[in-house]
Amino acid sequence: MVPPGIYETGLAPSTAQFDHGNRLFSRSIFKRRSFIIMATLSGCLVGAVSISVILFSGTASSAGTNFLNHGQLLSGVEDANWFEQNVPFLEVPNQQIQQVYYYRLQTYKEHLTYTGAQYGYLSSEFLKPVSYGAPYGGINAAAGHHIIEGRWLRDQTYVRDVVNYWLAGPGQFRKPQVEHVNKDATDWAHEYSFWAATAVWRYFLVSGDREFAIGQLDNLVKQYRGWDNHFNSNLGLYWQVPVWDATECTAASYESNDPYHGGPGYRPTINAFQYGDARAIASLASLAGRTSLADEYSKRASDLQSAMQRTLWDSQSQFYKHRHRDNNPNGALLTTREYMGFVPWMFNMPQDSSTIPAFAQLKDNQGFASAYGPTTAERRSRWFMSTAANCLQWNGPSWPFATSQVLTAVENLLHDYPSQSTISAADYFTLLTRYAATQYKDGKPYIAEAHHPDENRWMYDSRDHSEDYNHSTFIDNIIAGLLGLRPQSDNTLKINPILIPSSWDYFALENVPYHGHQITVLWDRTGTRYNQGSGLRVYVNGALATSRASLSGGALTVSIPSPIAPSISPLVNIAANPQRFPLSTRPFASYTSPYDDPWRAIDGIVFRTAVPQNSRWTSYNSPNTVDHFGVDLRRLQSISSVNLYFYSDNGGVRFPPSYDLQYLVPGTSSTWQTIPNQSRQGAFPPPTSNSPIKITFPTIKTSQIRIVAPNPGQGQGWGLSELEIFTRPIFQILNLNSNKLMGVENMSKSNSANIHQFEDNGTPDHLWEFFRAPSAREGGSSWYKIKNINSGLLLGVEGMSKANSARLQQYEDNGSEDHLWRMIQKSDNADVSNGLFLLVNKNSGLVVGVDGMSTGNSAQVVQFEDNGTRDHLWSLLAATG
């Protein structure tokens, strides 16, 4: 029997030492030392099948180690410095695993979309948004994968933003209850099944960031209870429609009257997700000292565990199966085994040893075994690879989404359960290498939607849509699974190398962020590859922590210093306007190629040049000898840095021979001057497309900037993938109804001064700075505090009132909940496209409006229930000037 609890399946980011305004070029944490070239052996670089790695002998530093040649491993990678600062480095003897590892790091970065100053980063599923996605392009089907995979990044901003997007941002927006976006769900975080709490818990296990994780508790409970309308209290199980499990045209679907959606049923997936989330909530509640909540969710988990074993386990076929909810009076289970029968082990849910024989099906040629598998349905099923319905099939094709879930289940079985003989470490490695081999196309690493299980081809791979599909894990499977780094909730790390092939003479995993520290694990059988001695060696912050002669001998438990709290930059990119809000920034250019669009250079996205998706502006085929691209900031802003991502396809678009960064002189309409005293960081011309150049300078005030550059030659142009301007998050708050700004009565700097609206007359009391409330008690960064620039006091509600029409006031930060705010939008109307927000108070749950819907100066700003009036809608206008 496996003891109940939350078991780790991966590692995660720890501290984010890098300010977002300087994140591209801050000093590398790895102190370079001299190296001696030892040999040239077969190895792996990204993007090629046959490559070589030069071996070096390095010396450990106080910040980490430098045994691997990072520059060689990142050769040809766009924006290599970002990877140097953010990712763990890997070297293994298997070329495909290593190539795919670095490829998947690139695709993960590529999918980090900057949605805007309000919500920060999102991890997207498709590179281009789809019609059934949430505002700003999110799809929650693989959000659990995104959070768990993203834990590996050193800068925790990305994962925190993704969590907040789903639990405290657009994921919580009301959505239409219509069929094509799930008629049974009211918000976007419930459009698809989602193991949210598990992902947050596993993020915490690696980051050690208690404040953030505990601060999400109320959000996670709300997310969990959002599935109550899918719960059958008689069975004690949740139901889900297969398509909203992110699986259409399944074997279960074909046995319903709707092969695309599938009939609703009690499924191992949603019930395993809810079990894992209940365990995670209980664990977080225990950390927070919320005993009654911990007890409640422990019981929920135990009850769900018993109900699924009692109802969804088929003892005859020894598998967890789908049970149709409707027209199934006898409670019959599906006859077909589907991949989802392995999902409960993702969460260590099964406790009965009689369930372990299910894993024999992964090796059975009539089960799930395949060259590019496993399959998503067993081969012996009459529905295997059926195309009776015209949709993407989940009845046999190999989906990386499913494969990574199955691999995690096997990893947990081998790491966390008692020894068994059904499936071995060798069997696991076979599955892993097949997964790596699946992720290729034309001899290069590649991932799309689904692969043929037996043929070397992608089945679902639409051009300009499926490329670099972000729908699964791989990094997590390598580090937590294959290499056996099993994070803990205390100040230890368990390293269990039982899945590493005994034939491997070496491997290195360097500078893994863990609890704010750096972990390196080396295996060198002879001691001649890394010149640090033979055997298994573990380094913490550059110092040898433990070692032993062989891989065998069980798990190592390594003591780790106390967690270091992450340093998260408050800066926001005010140039980005991916939603094209009408009152926000807008681009302009002297010429734009008809293939491109100036808006794409401020859309918060930088795609790899290897994909056809277009996120750039270029002057290709311009008739001009010199062209410019610029950004209208719409009002005076104080700026001191600009990041430029130049684009080149080495054909019609090349890097310009030179460029000039200019600003519009305030008070003029057409007088441009070169920004003085520029300091440029980053090579020019860049080593690759999308290798950023950071330009810093003494603060200037301007409403527009532009880059002026000569075109490289006749018929050739130059291009930008992105322009960024990071500043403090200072905004004017503009009311839609009155077109007036929120300010402080008489520009007062006193506690309890009232908040009113007034025309824009340039006074500093109209400026407000938004910053995340970091403590767990205040919501762990899922709520904002709003500080008046003139007074330094916070926006709050008079007397902490929860009543309609209570006045808003400013007050010193005393930790009260009426100082906490959240921006929401109604995504079923035009508010999103117009950039209009409701400001919701945490204490009262009411929204900000204007007394009597007044349009006059000095009208009081109050709170009121959301009744749909125009005075409740506000725009945030960047106003750093």
# chains A, B, ... in the order shown; residues from 1 in each chain; ligands from 1

call {"tool": "residues_around", "arguments": {"residues": "segment 73-90 of chain A", "least_positions_apart": "5", "cutoff": "6 Å", "atoms": "only C-alpha atoms", "output": "number ranges by chain"}}
result
A: 28, 45, 153-154, 508-512, 688, 690-691

call {"tool": "select_by_dssp", "arguments": {"residues": "segment 147-306 of chain A", "states": "strand (DSSP E or B)", "output": "ChimeraX atom specification"}}
result
/A:174,187,231-232,237-240,265-266

call {"tool": "write_last_selection", "arguments": {"atoms": "N, CA, C and O atoms", "output": "short mmCIF file (atom, residue, chain, number, x, y, z; two decimals), in the first residue's frame"}}
result
data_model
loop_
_atom_site.label_atom_id
_atom_site.label_comp_id
_atom_site.auth_asym_id
_atom_site.auth_seq_id
_atom_site.Cartn_x
_atom_site.Cartn_y
_atom_site.Cartn_z
N ARG A 174 -15.95 35.31 -16.81
CA ARG A 174 -17.16 34.62 -17.24
C ARG A 174 -17.09 34.36 -18.74
O ARG A 174 -16.71 35.23 -19.52
N ASP A 187 -16.65 29.55 -16.51
CA ASP A 187 -15.43 30.35 -16.64
C ASP A 187 -14.39 29.57 -17.43
O ASP A 187 -14.52 28.36 -17.64
N PHE A 231 -20.38 16.66 -10.17
CA PHE A 231 -20.22 15.63 -9.14
C PHE A 231 -21.52 14.88 -8.91
O PHE A 231 -22.59 15.48 -8.77
N ASN A 232 -21.43 13.55 -8.88
CA ASN A 232 -22.56 12.69 -8.54
C ASN A 232 -22.35 12.20 -7.12
O ASN A 232 -21.47 11.37 -6.85
N LEU A 237 -18.36 10.37 -7.49
CA LEU A 237 -17.44 10.56 -8.62
C LEU A 237 -17.83 11.78 -9.45
O LEU A 237 -19.00 12.20 -9.45
N TYR A 238 -16.86 12.31 -10.16
CA TYR A 238 -17.07 13.40 -11.10
C TYR A 238 -17.25 12.84 -12.51
O TYR A 238 -16.65 11.83 -12.88
N TRP A 239 -18.06 13.51 -13.29
CA TRP A 239 -18.21 13.15 -14.70
C TRP A 239 -17.61 14.24 -15.58
O TRP A 239 -17.45 15.38 -15.16
N GLN A 240 -17.27 13.87 -16.78
CA GLN A 240 -16.75 14.82 -17.75
C GLN A 240 -17.09 14.32 -19.15
O GLN A 240 -17.23 13.11 -19.38
N GLY A 265 -19.37 11.03 -19.01
CA GLY A 265 -19.09 9.78 -18.30
C GLY A 265 -18.21 10.02 -17.08
O GLY A 265 -17.57 11.07 -16.94
N TYR A 266 -18.18 9.03 -16.21
CA TYR A 266 -17.30 9.04 -15.05
C TYR A 266 -15.96 8.47 -15.51
O TYR A 266 -15.87 7.31 -15.92
#

call {"tool": "closest_residue", "arguments": {"among": "A:His146, A:Arg654, A:His230, A:His415", "to": "Pro497 of chain A", "atoms": "only C-alpha atoms"}}
result
A:His415

call {"tool": "select_by_dssp", "arguments": {"residues": "segment 380-506 of chain A", "states": "alpha helix (DSSP H)", "output": "PyMOL selection string"}}
result
chain A and resi 400-416+425-438+475-476

call {"tool": "atom_distance", "arguments": {"atom1": "atom CA of Met853 of chain A", "atom2": "atom CA of Trp768 of chain A"}}
result
21.9 Å

call {"tool": "residues_around", "arguments": {"residues": "segment 771-786 of chain A", "least_positions_apart": "6", "cutoff": "7 Å", "atoms": "only C-alpha atoms", "output": "JSON, numbers by chain"}}
result
{"A": [164, 168, 211, 212, 213, 214, 215, 216, 570, 794, 795, 819, 820, 821, 822]}

call {"tool": "closest_residue", "arguments": {"among": "A:Ile281, A:Val92, A:Val631, A:Val847", "to": "Pro587 of chain A", "atoms": "only C-alpha atoms"}}
result
A:Val631

call {"tool": "closest_residue", "arguments": {"among": "A:Asn257, A:Gln309, A:Thr438, A:Thr247", "to": "Val100 of chain A", "atoms": "only C-alpha atoms"}}
result
A:Thr438

call {"tool": "residues_around", "arguments": {"residues": "Thr880 of chain A", "least_positions_apart": "3", "cutoff": "9 Å", "atoms": "only C-alpha atoms", "output": "PDB file with C-alpha atoms, in the first residue's frame"}}
result
ATOM      1  CA  LEU A 636       4.372  61.397 -22.129  1.00  0.00           C
ATOM      2  CA  GLN A 637       6.258  58.525 -20.550  1.00  0.00           C
ATOM      3  CA  SER A 638       9.506  58.416 -18.596  1.00  0.00           C
ATOM      4  CA  ILE A 639      11.671  55.697 -20.109  1.00  0.00           C
ATOM      5  CA  LYS A 701      10.298  61.950 -21.375  1.00  0.00           C
ATOM      6  CA  THR A 727       8.970  50.586 -16.684  1.00  0.00           C
ATOM      7  CA  ARG A 728       7.304  50.847 -13.283  1.00  0.00           C
ATOM      8  CA  PRO A 729       3.591  49.881 -13.441  1.00  0.00           C
ATOM      9  CA  ILE A 730       2.203  53.404 -13.071  1.00  0.00           C
ATOM     10  CA  PHE A 731      -1.184  54.125 -14.632  1.00  0.00           C
ATOM     11  CA  LEU A 767      -1.108  58.461 -11.037  1.00  0.00           C
TER      12      LEU A 767
END
